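model.pdb (PDB, C-alpha atoms, pLDDT in the B column) appears below.
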ATOM      1  CA  MET R  79      23.008  78.470-149.889  1.00 52.00           C
ATOM      2  CA  ASN R  80      19.716  79.166-151.650  1.00 56.00           C
ATOM      3  CA  GLU R  81      17.758  77.073-149.205  1.00 65.00           C
ATOM      4  CA  GLN R  82      15.650  78.768-146.576  1.00 69.00           C
ATOM      5  CA  PRO R  83      17.276  78.392-143.170  1.00 66.00           C
ATOM      6  CA  LYS R  84      15.304  76.173-140.800  1.00 67.00           C
ATOM      7  CA  TYR R  85      14.444  77.588-137.411  1.00 65.00           C
ATOM      8  CA  THR R  86      13.798  75.275-134.523  1.00 64.00           C
ATOM      9  CA  ASP R  87      12.989  75.670-130.851  1.00 69.00           C
ATOM     10  CA  PHE R  88      16.282  74.130-129.944  1.00 69.00           C
ATOM     11  CA  HIS R  89      19.698  75.605-129.484  1.00 68.00           C
ATOM     12  CA  PRO R  90      21.139  76.318-132.935  1.00 65.00           C
ATOM     13  CA  ARG R  91      24.232  74.554-134.107  1.00 68.00           C
ATOM     14  CA  TRP R  92      27.240  76.810-133.927  1.00 70.00           C
ATOM     15  CA  PHE R  93      29.172  77.509-137.032  1.00 75.00           C
ATOM     16  CA  ARG R  94      32.595  76.016-136.541  1.00 73.00           C
ATOM     17  CA  ARG R  95      35.216  75.770-139.170  1.00 77.00           C
ATOM     18  CA  ARG R  96      36.384  72.182-139.410  1.00 76.00           C
ATOM     19  CA  MET R  97      40.005  71.915-138.319  1.00 77.00           C
ATOM     20  CA  SER R  98      42.201  69.511-140.176  1.00 81.00           C
ATOM     21  CA  THR R  99      43.333  66.504-138.122  1.00 80.00           C
ATOM     22  CA  TYR R 100      46.847  67.475-139.118  1.00 83.00           C
ATOM     23  CA  TRP R 101      46.602  71.091-137.906  1.00 82.00           C
ATOM     24  CA  TRP R 102      49.723  70.619-135.816  1.00 83.00           C
ATOM     25  CA  LEU R 103      51.891  70.039-138.911  1.00 87.00           C
ATOM     26  CA  LYS R 104      51.447  73.656-140.010  1.00 87.00           C
ATOM     27  CA  ARG R 105      53.964  75.166-137.646  1.00 90.00           C
ATOM     28  CA  TRP R 106      57.169  73.958-136.036  1.00 91.00           C
ATOM     29  CA  SER R 107      55.996  75.068-132.596  1.00 90.00           C
ATOM     30  CA  TYR R 108      52.770  73.059-132.989  1.00 89.00           C
ATOM     31  CA  VAL R 109      54.769  69.973-133.962  1.00 91.00           C
ATOM     32  CA  MET R 110      56.912  70.443-130.862  1.00 91.00           C
ATOM     33  CA  PHE R 111      53.748  70.734-128.764  1.00 90.00           C
ATOM     34  CA  ILE R 112      52.368  67.443-130.085  1.00 89.00           C
ATOM     35  CA  LEU R 113      55.753  65.715-129.687  1.00 91.00           C
ATOM     36  CA  ARG R 114      55.904  66.941-126.084  1.00 92.00           C
ATOM     37  CA  GLU R 115      52.412  65.581-125.508  1.00 92.00           C
ATOM     38  CA  LEU R 116      53.440  62.249-127.055  1.00 93.00           C
ATOM     39  CA  SER R 117      56.321  61.967-124.578  1.00 95.00           C
ATOM     40  CA  SER R 118      53.642  60.756-122.136  1.00 95.00           C
ATOM     41  CA  VAL R 119      53.366  57.491-124.101  1.00 96.00           C
ATOM     42  CA  PHE R 120      57.086  56.858-123.642  1.00 97.00           C
ATOM     43  CA  ILE R 121      56.850  57.684-119.945  1.00 97.00           C
ATOM     44  CA  ALA R 122      54.209  54.974-119.688  1.00 96.00           C
ATOM     45  CA  TRP R 123      56.486  52.535-121.546  1.00 97.00           C
ATOM     46  CA  SER R 124      59.388  53.365-119.211  1.00 97.00           C
ATOM     47  CA  ILE R 125      57.235  52.497-116.206  1.00 97.00           C
ATOM     48  CA  VAL R 126      56.206  49.201-117.825  1.00 97.00           C
ATOM     49  CA  PHE R 127      59.874  48.448-118.553  1.00 97.00           C
ATOM     50  CA  LEU R 128      60.903  49.182-114.955  1.00 97.00           C
ATOM     51  CA  LEU R 129      58.058  47.051-113.596  1.00 97.00           C
ATOM     52  CA  LEU R 130      59.177  44.171-115.833  1.00 96.00           C
ATOM     53  CA  LEU R 131      62.668  44.589-114.391  1.00 96.00           C
ATOM     54  CA  THR R 132      61.276  44.546-110.846  1.00 96.00           C
ATOM     55  CA  ARG R 133      59.347  41.370-111.585  1.00 96.00           C
ATOM     56  CA  ALA R 134      62.412  39.740-113.160  1.00 96.00           C
ATOM     57  CA  VAL R 135      64.634  40.604-110.176  1.00 95.00           C
ATOM     58  CA  SER R 136      62.010  39.202-107.779  1.00 94.00           C
ATOM     59  CA  GLN R 137      62.042  35.920-109.713  1.00 94.00           C
ATOM     60  CA  GLY R 138      65.662  35.351-108.761  1.00 92.00           C
ATOM     61  CA  GLN R 139      69.029  35.215-110.480  1.00 94.00           C
ATOM     62  CA  GLU R 140      67.651  33.326-113.486  1.00 95.00           C
ATOM     63  CA  GLY R 141      64.815  35.770-114.078  1.00 95.00           C
ATOM     64  CA  TYR R 142      67.221  38.688-113.842  1.00 95.00           C
ATOM     65  CA  GLU R 143      69.570  37.146-116.424  1.00 95.00           C
ATOM     66  CA  GLN R 144      66.640  36.459-118.742  1.00 96.00           C
ATOM     67  CA  PHE R 145      65.645  40.118-118.448  1.00 96.00           C
ATOM     68  CA  LEU R 146      69.206  41.263-119.230  1.00 95.00           C
ATOM     69  CA  ALA R 147      69.221  39.031-122.335  1.00 95.00           C
ATOM     70  CA  TRP R 148      65.787  40.296-123.412  1.00 96.00           C
ATOM     71  CA  SER R 149      66.855  43.918-122.999  1.00 96.00           C
ATOM     72  CA  LYS R 150      69.661  43.299-125.541  1.00 95.00           C
ATOM     73  CA  ASN R 151      67.068  42.568-128.237  1.00 96.00           C
ATOM     74  CA  PRO R 152      67.523  45.256-130.958  1.00 96.00           C
ATOM     75  CA  VAL R 153      63.803  46.066-130.953  1.00 97.00           C
ATOM     76  CA  VAL R 154      63.845  46.687-127.191  1.00 97.00           C
ATOM     77  CA  VAL R 155      67.058  48.735-127.430  1.00 97.00           C
ATOM     78  CA  GLY R 156      65.562  50.782-130.291  1.00 97.00           C
ATOM     79  CA  LEU R 157      62.379  51.419-128.329  1.00 97.00           C
ATOM     80  CA  ASN R 158      64.423  52.453-125.303  1.00 97.00           C
ATOM     81  CA  VAL R 159      66.592  54.835-127.357  1.00 97.00           C
ATOM     82  CA  ILE R 160      63.471  56.563-128.690  1.00 97.00           C
ATOM     83  CA  SER R 161      61.971  56.576-125.180  1.00 97.00           C
ATOM     84  CA  LEU R 162      65.131  58.120-123.750  1.00 97.00           C
ATOM     85  CA  LEU R 163      64.977  60.910-126.348  1.00 97.00           C
ATOM     86  CA  PHE R 164      61.337  61.611-125.543  1.00 97.00           C
ATOM     87  CA  VAL R 165      61.786  61.382-121.770  1.00 97.00           C
ATOM     88  CA  GLY R 166      64.807  63.694-122.011  1.00 96.00           C
ATOM     89  CA  PHE R 167      62.753  66.119-124.099  1.00 96.00           C
ATOM     90  CA  HIS R 168      60.016  65.988-121.466  1.00 96.00           C
ATOM     91  CA  ALA R 169      62.532  66.626-118.667  1.00 96.00           C
ATOM     92  CA  VAL R 170      64.191  69.619-120.391  1.00 95.00           C
ATOM     93  CA  THR R 171      60.908  71.263-121.395  1.00 94.00           C
ATOM     94  CA  TRP R 172      59.470  70.570-117.937  1.00 94.00           C
ATOM     95  CA  PHE R 173      62.370  72.150-116.068  1.00 93.00           C
ATOM     96  CA  ASN R 174      62.473  75.110-118.476  1.00 92.00           C
ATOM     97  CA  LEU R 175      58.808  75.686-117.776  1.00 89.00           C
ATOM     98  CA  ALA R 176      59.227  75.521-114.006  1.00 87.00           C
ATOM     99  CA  PRO R 177      59.996  79.267-113.557  1.00 85.00           C
ATOM    100  CA  LYS R 178      56.704  80.118-115.287  1.00 85.00           C
ATOM    101  CA  ALA R 179      54.733  77.722-113.117  1.00 82.00           C
ATOM    102  CA  MET R 180      56.477  78.522-109.810  1.00 78.00           C
ATOM    103  CA  VAL R 181      56.422  82.150-108.790  1.00 79.00           C
ATOM    104  CA  VAL R 182      58.641  82.280-105.724  1.00 82.00           C
ATOM    105  CA  ARG R 183      58.966  85.518-103.824  1.00 84.00           C
ATOM    106  CA  LEU R 184      61.790  86.268-101.463  1.00 83.00           C
ATOM    107  CA  ARG R 185      61.525  89.435 -99.373  1.00 85.00           C
ATOM    108  CA  GLY R 186      58.868  90.740-101.719  1.00 85.00           C
ATOM    109  CA  ARG R 187      60.967  90.224-104.807  1.00 86.00           C
ATOM    110  CA  ARG R 188      60.380  87.605-107.425  1.00 84.00           C
ATOM    111  CA  VAL R 189      63.173  85.038-107.568  1.00 84.00           C
ATOM    112  CA  PRO R 190      64.795  85.191-111.059  1.00 86.00           C
ATOM    113  CA  ALA R 191      63.701  82.528-113.541  1.00 86.00           C
ATOM    114  CA  LEU R 192      67.261  81.351-114.003  1.00 89.00           C
ATOM    115  CA  TRP R 193      67.581  80.435-110.308  1.00 88.00           C
ATOM    116  CA  ILE R 194      64.421  78.336-110.347  1.00 88.00           C
ATOM    117  CA  ALA R 195      65.320  76.535-113.572  1.00 90.00           C
ATOM    118  CA  GLY R 196      68.889  76.154-112.274  1.00 92.00           C
ATOM    119  CA  SER R 197      67.792  74.571-109.000  1.00 92.00           C
ATOM    120  CA  ASN R 198      65.593  72.162-110.943  1.00 92.00           C
ATOM    121  CA  TYR R 199      68.518  71.131-113.120  1.00 95.00           C
ATOM    122  CA  ALA R 200      70.696  70.752-110.015  1.00 96.00           C
ATOM    123  CA  ALA R 201      68.053  68.483-108.456  1.00 95.00           C
ATOM    124  CA  TRP R 202      67.978  66.466-111.683  1.00 96.00           C
ATOM    125  CA  ALA R 203      71.761  65.990-111.633  1.00 97.00           C
ATOM    126  CA  LEU R 204      71.701  65.075-107.931  1.00 97.00           C
ATOM    127  CA  VAL R 205      68.903  62.510-108.310  1.00 97.00           C
ATOM    128  CA  SER R 206      70.572  60.986-111.398  1.00 96.00           C
ATOM    129  CA  ALA R 207      73.904  60.645-109.581  1.00 96.00           C
ATOM    130  CA  LEU R 208      72.221  59.137-106.501  1.00 95.00           C
ATOM    131  CA  VAL R 209      70.250  56.601-108.556  1.00 95.00           C
ATOM    132  CA  ALA R 210      73.341  55.604-110.575  1.00 95.00           C
ATOM    133  CA  TRP R 211      75.352  55.198-107.357  1.00 95.00           C
ATOM    134  CA  LEU R 212      72.606  53.103-105.729  1.00 93.00           C
ATOM    135  CA  ILE R 213      72.372  50.773-108.727  1.00 93.00           C
ATOM    136  CA  LEU R 214      75.992  50.497-109.797  1.00 92.00           C
ATOM    137  CA  GLY R 215      77.592  50.744-106.375  1.00 82.00           C
ATOM    138  CA  GLY R 216      80.352  53.007-105.157  1.00 60.00           C
TER     139      GLY R 216
ATOM    140  CA  MET I 107      29.425  67.840-110.611  1.00 46.00           C
ATOM    141  CA  THR I 108      31.756  65.115-109.378  1.00 53.00           C
ATOM    142  CA  ARG I 109      33.801  65.296-112.572  1.00 52.00           C
ATOM    143  CA  ARG I 110      34.296  69.025-112.192  1.00 64.00           C
ATOM    144  CA  SER I 111      35.593  68.641-108.643  1.00 73.00           C
ATOM    145  CA  LEU I 112      37.955  65.858-109.722  1.00 84.00           C
ATOM    146  CA  GLU I 113      39.731  68.011-112.299  1.00 84.00           C
ATOM    147  CA  PRO I 114      42.094  69.917-109.931  1.00 87.00           C
ATOM    148  CA  LEU I 115      43.231  66.609-108.396  1.00 89.00           C
ATOM    149  CA  LEU I 116      43.996  65.234-111.864  1.00 90.00           C
ATOM    150  CA  TRP I 117      46.067  68.315-112.693  1.00 90.00           C
ATOM    151  CA  LEU I 118      47.917  67.947-109.394  1.00 91.00           C
ATOM    152  CA  LEU I 119      48.721  64.303-110.168  1.00 93.00           C
ATOM    153  CA  PHE I 120      49.787  65.381-113.666  1.00 93.00           C
ATOM    154  CA  SER I 121      52.312  67.917-112.451  1.00 92.00           C
ATOM    155  CA  ALA I 122      53.630  65.761-109.587  1.00 94.00           C
ATOM    156  CA  GLY I 123      54.116  62.953-112.114  1.00 94.00           C
ATOM    157  CA  GLY I 124      55.810  65.369-114.494  1.00 94.00           C
ATOM    158  CA  VAL I 125      58.386  66.300-111.853  1.00 95.00           C
ATOM    159  CA  LEU I 126      59.101  62.735-110.698  1.00 96.00           C
ATOM    160  CA  SER I 127      59.314  61.280-114.204  1.00 96.00           C
ATOM    161  CA  ALA I 128      61.643  64.102-115.329  1.00 96.00           C
ATOM    162  CA  LEU I 129      63.912  63.552-112.310  1.00 96.00           C
ATOM    163  CA  PHE I 130      64.080  59.748-112.273  1.00 97.00           C
ATOM    164  CA  LEU I 131      63.246  58.249-115.661  1.00 97.00           C
ATOM    165  CA  PRO I 132      66.118  59.541-117.847  1.00 97.00           C
ATOM    166  CA  VAL I 133      68.840  58.015-115.647  1.00 97.00           C
ATOM    167  CA  LEU I 134      66.931  54.739-115.159  1.00 96.00           C
ATOM    168  CA  LEU I 135      66.298  54.380-118.896  1.00 96.00           C
ATOM    169  CA  LEU I 136      69.877  55.300-119.731  1.00 96.00           C
ATOM    170  CA  LEU I 137      71.182  52.613-117.355  1.00 96.00           C
ATOM    171  CA  PHE I 138      68.769  49.716-117.881  1.00 96.00           C
ATOM    172  CA  GLY I 139      67.716  50.513-121.444  1.00 95.00           C
ATOM    173  CA  LEU I 140      71.094  51.417-122.953  1.00 95.00           C
ATOM    174  CA  ALA I 141      74.244  51.285-120.827  1.00 95.00           C
ATOM    175  CA  LEU I 142      73.768  47.741-119.469  1.00 94.00           C
ATOM    176  CA  PRO I 143      72.302  46.041-122.596  1.00 94.00           C
ATOM    177  CA  LEU I 144      74.993  47.546-124.837  1.00 94.00           C
ATOM    178  CA  GLY I 145      77.726  46.541-122.407  1.00 92.00           C
ATOM    179  CA  TRP I 146      78.971  50.074-121.633  1.00 94.00           C
ATOM    180  CA  LEU I 147      78.888  49.136-117.958  1.00 92.00           C
ATOM    181  CA  PRO I 148      78.961  45.776-116.172  1.00 92.00           C
ATOM    182  CA  PRO I 149      75.468  44.869-114.893  1.00 92.00           C
ATOM    183  CA  PRO I 150      74.994  45.076-111.107  1.00 94.00           C
ATOM    184  CA  SER I 151      74.747  41.778-109.272  1.00 93.00           C
ATOM    185  CA  HIS I 152      71.354  40.289-108.540  1.00 93.00           C
ATOM    186  CA  ALA I 153      72.023  40.518-104.805  1.00 93.00           C
ATOM    187  CA  ARG I 154      72.661  44.257-105.052  1.00 93.00           C
ATOM    188  CA  LEU I 155      69.398  44.913-106.917  1.00 94.00           C
ATOM    189  CA  ILE I 156      67.484  42.809-104.370  1.00 94.00           C
ATOM    190  CA  ALA I 157      69.067  44.872-101.599  1.00 93.00           C
ATOM    191  CA  VAL I 158      68.145  48.148-103.313  1.00 94.00           C
ATOM    192  CA  LEU I 159      64.611  47.046-104.224  1.00 93.00           C
ATOM    193  CA  GLY I 160      64.006  45.462-100.835  1.00 91.00           C
ATOM    194  CA  ASN I 161      64.621  48.733 -99.013  1.00 92.00           C
ATOM    195  CA  PRO I 162      61.232  50.150 -97.935  1.00 92.00           C
ATOM    196  CA  LEU I 163      62.289  53.678 -98.929  1.00 94.00           C
ATOM    197  CA  THR I 164      63.156  52.567-102.495  1.00 94.00           C
ATOM    198  CA  GLY I 165      59.848  50.745-102.620  1.00 94.00           C
ATOM    199  CA  LEU I 166      57.964  53.863-101.589  1.00 95.00           C
ATOM    200  CA  VAL I 167      59.805  56.088-104.080  1.00 96.00           C
ATOM    201  CA  LEU I 168      59.269  53.563-106.896  1.00 96.00           C
ATOM    202  CA  PHE I 169      55.591  53.234-106.009  1.00 96.00           C
ATOM    203  CA  LEU I 170      55.129  57.020-106.119  1.00 96.00           C
ATOM    204  CA  LEU I 171      57.126  57.187-109.354  1.00 97.00           C
ATOM    205  CA  CYS I 172      54.885  54.559-110.959  1.00 97.00           C
ATOM    206  CA  LEU I 173      51.585  55.957-109.680  1.00 97.00           C
ATOM    207  CA  LEU I 174      52.285  59.612-110.471  1.00 96.00           C
ATOM    208  CA  SER I 175      54.008  58.959-113.817  1.00 97.00           C
ATOM    209  CA  LEU I 176      51.100  56.793-114.930  1.00 97.00           C
ATOM    210  CA  PHE I 177      48.588  59.495-113.988  1.00 96.00           C
ATOM    211  CA  HIS I 178      50.820  62.031-115.730  1.00 96.00           C
ATOM    212  CA  PHE I 179      50.652  59.833-118.833  1.00 96.00           C
ATOM    213  CA  ALA I 180      46.892  59.389-118.533  1.00 95.00           C
ATOM    214  CA  HIS I 181      46.213  63.105-118.227  1.00 94.00           C
ATOM    215  CA  ARG I 182      48.573  64.212-120.978  1.00 93.00           C
ATOM    216  CA  PHE I 183      47.582  61.461-123.385  1.00 93.00           C
ATOM    217  CA  ARG I 184      43.929  62.283-122.827  1.00 91.00           C
ATOM    218  CA  TYR I 185      44.573  65.835-124.015  1.00 89.00           C
ATOM    219  CA  THR I 186      46.736  64.591-126.895  1.00 88.00           C
ATOM    220  CA  LEU I 187      43.729  62.618-128.101  1.00 87.00           C
ATOM    221  CA  TYR I 188      41.431  65.617-127.567  1.00 83.00           C
ATOM    222  CA  ASP I 189      43.615  68.170-129.358  1.00 78.00           C
ATOM    223  CA  GLY I 190      45.663  66.083-131.744  1.00 74.00           C
ATOM    224  CA  LEU I 191      42.940  63.861-133.123  1.00 77.00           C
ATOM    225  CA  GLN I 192      39.986  66.088-132.114  1.00 73.00           C
ATOM    226  CA  ILE I 193      37.931  63.224-130.794  1.00 74.00           C
ATOM    227  CA  LYS I 194      36.373  65.058-127.900  1.00 71.00           C
ATOM    228  CA  HIS I 195      33.038  63.328-128.482  1.00 75.00           C
ATOM    229  CA  LEU I 196      34.618  60.073-127.274  1.00 80.00           C
ATOM    230  CA  ASN I 197      35.218  61.788-123.936  1.00 81.00           C
ATOM    231  CA  GLU I 198      33.931  59.027-121.661  1.00 84.00           C
ATOM    232  CA  LEU I 199      35.723  56.248-123.509  1.00 88.00           C
ATOM    233  CA  ILE I 200      39.042  58.148-123.509  1.00 89.00           C
ATOM    234  CA  ASN I 201      38.783  58.911-119.791  1.00 89.00           C
ATOM    235  CA  LEU I 202      37.987  55.293-119.024  1.00 92.00           C
ATOM    236  CA  PHE I 203      40.927  54.072-121.116  1.00 91.00           C
ATOM    237  CA  CYS I 204      43.506  56.599-119.826  1.00 92.00           C
ATOM    238  CA  TYR I 205      42.711  56.743-116.115  1.00 94.00           C
ATOM    239  CA  GLY I 206      41.710  53.073-116.106  1.00 95.00           C
ATOM    240  CA  ALA I 207      45.149  52.160-117.441  1.00 95.00           C
ATOM    241  CA  ALA I 208      46.796  54.352-114.782  1.00 95.00           C
ATOM    242  CA  ILE I 209      44.791  52.712-111.979  1.00 96.00           C
ATOM    243  CA  VAL I 210      45.450  49.174-113.239  1.00 96.00           C
ATOM    244  CA  GLY I 211      49.152  49.980-113.666  1.00 96.00           C
ATOM    245  CA  SER I 212      49.394  51.367-110.134  1.00 96.00           C
ATOM    246  CA  VAL I 213      47.757  48.261-108.663  1.00 96.00           C
ATOM    247  CA  VAL I 214      50.178  46.061-110.607  1.00 96.00           C
ATOM    248  CA  ALA I 215      53.058  48.220-109.325  1.00 96.00           C
ATOM    249  CA  VAL I 216      51.939  47.750-105.694  1.00 95.00           C
ATOM    250  CA  TYR I 217      51.674  43.989-106.242  1.00 95.00           C
ATOM    251  CA  LEU I 218      55.123  43.714-107.867  1.00 95.00           C
ATOM    252  CA  LEU I 219      56.893  45.985-105.374  1.00 94.00           C
ATOM    253  CA  TRP I 220      55.249  44.223-102.454  1.00 93.00           C
ATOM    254  CA  ASN I 221      56.481  40.837-103.691  1.00 88.00           C
ATOM    255  CA  VAL I 222      60.158  41.753-103.820  1.00 86.00           C
ATOM    256  CA  PRO I 223      61.867  39.210-101.558  1.00 82.00           C
TER     257      PRO I 223
END

As C-alpha cells:
Amino acid sequence: MNEQPKYTDFHPRWFRRRMSTYWWLKRWSYVMFILRELSSVFIAWSIVFLLLLTRAVSQGQEGYEQFLAWSKNPVVVGLNVISLLFVGFHAVTWFNLAPKAMVVRLRGRRVPALWIAGSNYAAWALVSALVAWLILGG
Amino acid sequence: MTRRSLEPLLWLLFSAGGVLSALFLPVLLLLFGLALPLGWLPPPSHARLIAVLGNPLTGLVLFLLCLLSLFHFAHRFRYTLYDGLQIKHLNELINLFCYGAAIVGSVVAVYLLWNVP
C-alpha cells in the first residue's frame, strides 16, 4: 500500500476480512450447524408432501391410489428417506436444546435439564403413537 | 421501524414451528414416505383417511402444522442464506422469497384442508 489513503466526508468503509463461502467446512461443529439449518428445507418438503396427500385423498379413491403409486417411485422414496433423516435430526437437536431455552422454576429451584428434555421426548413419543393410531387404526 | 417490530413475531413463529414439526413430521414421514410405499404396513383405507381428515380438530392441527412449519422453514432458511452463503445484501429479495413462500403455502393449505369432503 504505497498509495496515499483517500479521505472523504462520508463514513469510511470498515476493514473486514473476507470470509470464505465455505467457512462452515472448517470444523465439524460448523458443518453440523449448517446441516441443522438445512433441515428447514426438508421440513418444507414434508409439508408439500403432506399437502399433496391431502389433495389426493380429497379427490377420492382413485386419487388416493394414484398418490400411493407415486409415493413408491424410487426418487420420491429416496427424497423421503433423506427428509426423514433431516427431520429426525431437527427433532433431536430441538428437544435437546429445549432445557436451554426453557428455564422452568419450581418452588424457586430450577427444574433439571434432564426433566425438561425428558418431557419433550415423552411428548414426542405420545404424539407419534397417537398419529400412528389415528392413521392405521386400532 | 415496522421491520424491527416484526422480528419478535417471526422468532415466535419459528420456535412454535420448530416444536410442531419436531413432534409431528417424523412419524408422518415415516408412515407415508416409507412404511406404506415400501409395503411394511398395509395402507389405511380411503374412507378412514377421509374420516380423519374431515374431523375439524385434525384440520385445525394440520393447518397450524403447515402454517408454523412453513414459517419455521422461512425463518431458518433465511438465516442459512445469510450465514452460509453470506448474501446479506440480497436481504429484501431473500425475505420476499422465504416469507412469501410461507404465506403462499399457508393459503394453499387452508384451501386444500377446507376442500376435504

Item to check | Target residues per the ChimeraX specification (/R :<9) & /I, formatted as an MDAnalysis selection string | outcome: chainID I and resid 124:125 127:140 142:144 147:156 158:159 171:172 175:176 178:183 185:186 189:192 208 211 214:215 218:219 221:223

For the residues selected in the previous step, produce a file with C-alpha atoms as a PDB file, keeping the file's coordinate frame.
ATOM      1  CA  GLY I 124      55.810  65.369-114.494  1.00 94.00           C
ATOM      2  CA  VAL I 125      58.386  66.300-111.853  1.00 95.00           C
ATOM      3  CA  SER I 127      59.314  61.280-114.204  1.00 96.00           C
ATOM      4  CA  ALA I 128      61.643  64.102-115.329  1.00 96.00           C
ATOM      5  CA  LEU I 129      63.912  63.552-112.310  1.00 96.00           C
ATOM      6  CA  PHE I 130      64.080  59.748-112.273  1.00 97.00           C
ATOM      7  CA  LEU I 131      63.246  58.249-115.661  1.00 97.00           C
ATOM      8  CA  PRO I 132      66.118  59.541-117.847  1.00 97.00           C
ATOM      9  CA  VAL I 133      68.840  58.015-115.647  1.00 97.00           C
ATOM     10  CA  LEU I 134      66.931  54.739-115.159  1.00 96.00           C
ATOM     11  CA  LEU I 135      66.298  54.380-118.896  1.00 96.00           C
ATOM     12  CA  LEU I 136      69.877  55.300-119.731  1.00 96.00           C
ATOM     13  CA  LEU I 137      71.182  52.613-117.355  1.00 96.00           C
ATOM     14  CA  PHE I 138      68.769  49.716-117.881  1.00 96.00           C
ATOM     15  CA  GLY I 139      67.716  50.513-121.444  1.00 95.00           C
ATOM     16  CA  LEU I 140      71.094  51.417-122.953  1.00 95.00           C
ATOM     17  CA  LEU I 142      73.768  47.741-119.469  1.00 94.00           C
ATOM     18  CA  PRO I 143      72.302  46.041-122.596  1.00 94.00           C
ATOM     19  CA  LEU I 144      74.993  47.546-124.837  1.00 94.00           C
ATOM     20  CA  LEU I 147      78.888  49.136-117.958  1.00 92.00           C
ATOM     21  CA  PRO I 148      78.961  45.776-116.172  1.00 92.00           C
ATOM     22  CA  PRO I 149      75.468  44.869-114.893  1.00 92.00           C
ATOM     23  CA  PRO I 150      74.994  45.076-111.107  1.00 94.00           C
ATOM     24  CA  SER I 151      74.747  41.778-109.272  1.00 93.00           C
ATOM     25  CA  HIS I 152      71.354  40.289-108.540  1.00 93.00           C
ATOM     26  CA  ALA I 153      72.023  40.518-104.805  1.00 93.00           C
ATOM     27  CA  ARG I 154      72.661  44.257-105.052  1.00 93.00           C
ATOM     28  CA  LEU I 155      69.398  44.913-106.917  1.00 94.00           C
ATOM     29  CA  ILE I 156      67.484  42.809-104.370  1.00 94.00           C
ATOM     30  CA  VAL I 158      68.145  48.148-103.313  1.00 94.00           C
ATOM     31  CA  LEU I 159      64.611  47.046-104.224  1.00 93.00           C
ATOM     32  CA  LEU I 171      57.126  57.187-109.354  1.00 97.00           C
ATOM     33  CA  CYS I 172      54.885  54.559-110.959  1.00 97.00           C
ATOM     34  CA  SER I 175      54.008  58.959-113.817  1.00 97.00           C
ATOM     35  CA  LEU I 176      51.100  56.793-114.930  1.00 97.00           C
ATOM     36  CA  HIS I 178      50.820  62.031-115.730  1.00 96.00           C
ATOM     37  CA  PHE I 179      50.652  59.833-118.833  1.00 96.00           C
ATOM     38  CA  ALA I 180      46.892  59.389-118.533  1.00 95.00           C
ATOM     39  CA  HIS I 181      46.213  63.105-118.227  1.00 94.00           C
ATOM     40  CA  ARG I 182      48.573  64.212-120.978  1.00 93.00           C
ATOM     41  CA  PHE I 183      47.582  61.461-123.385  1.00 93.00           C
ATOM     42  CA  TYR I 185      44.573  65.835-124.015  1.00 89.00           C
ATOM     43  CA  THR I 186      46.736  64.591-126.895  1.00 88.00           C
ATOM     44  CA  ASP I 189      43.615  68.170-129.358  1.00 78.00           C
ATOM     45  CA  GLY I 190      45.663  66.083-131.744  1.00 74.00           C
ATOM     46  CA  LEU I 191      42.940  63.861-133.123  1.00 77.00           C
ATOM     47  CA  GLN I 192      39.986  66.088-132.114  1.00 73.00           C
ATOM     48  CA  ALA I 208      46.796  54.352-114.782  1.00 95.00           C
ATOM     49  CA  GLY I 211      49.152  49.980-113.666  1.00 96.00           C
ATOM     50  CA  VAL I 214      50.178  46.061-110.607  1.00 96.00           C
ATOM     51  CA  ALA I 215      53.058  48.220-109.325  1.00 96.00           C
ATOM     52  CA  LEU I 218      55.123  43.714-107.867  1.00 95.00           C
ATOM     53  CA  LEU I 219      56.893  45.985-105.374  1.00 94.00           C
ATOM     54  CA  ASN I 221      56.481  40.837-103.691  1.00 88.00           C
ATOM     55  CA  VAL I 222      60.158  41.753-103.820  1.00 86.00           C
ATOM     56  CA  PRO I 223      61.867  39.210-101.558  1.00 82.00           C
TER      57      PRO I 223
END

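Residue nearest Pro177 in chain R within the list R:Val153, R:Val189, R:Phe93, R:Ile194: R:Ile194 [criterion: smallest interatomic distance, all atoms listed in the file].
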
Checklist entry - Do you have the CA of Ser107 in chain R-CA of Asn201 in chain I distance handy? => result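 Spanning CA of Ser107 in chain R to CA of Asn201 in chain I is a straight-line distance of 26.9 Å.
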
Checklist entry - Do you have the CA of Leu202 in chain I-CA of Leu116 in chain I distance handy? => result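 So the two atoms, CA of Leu202 in chain I and CA of Leu116 in chain I, lie 13.6 Å apart.
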
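When only C-alpha atoms are used to compute distances to Gly123 in chain I, the closest of the residues I:Val167, I:Val213, I:Leu173, I:Ala141 turns out to be I:Leu173.
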
Checklist entry - Expressed in Å to a single decimal, how great is the separation between CA of Leu115 in chain I and CA of Leu192 in chain R? => result 28.7 Å

Specify the axis-aligned box that encloses all atoms of range 153-168 of chain I listed in the file after padding of 8 Å on each side, stating its centre and edge lengths in Å to one decimal as lines of an AutoDock Vina configuration file.
center_x = 65.3
center_y = 48.3
center_z = -102.4
size_x = 30.7
size_y = 31.6
size_z = 25.0
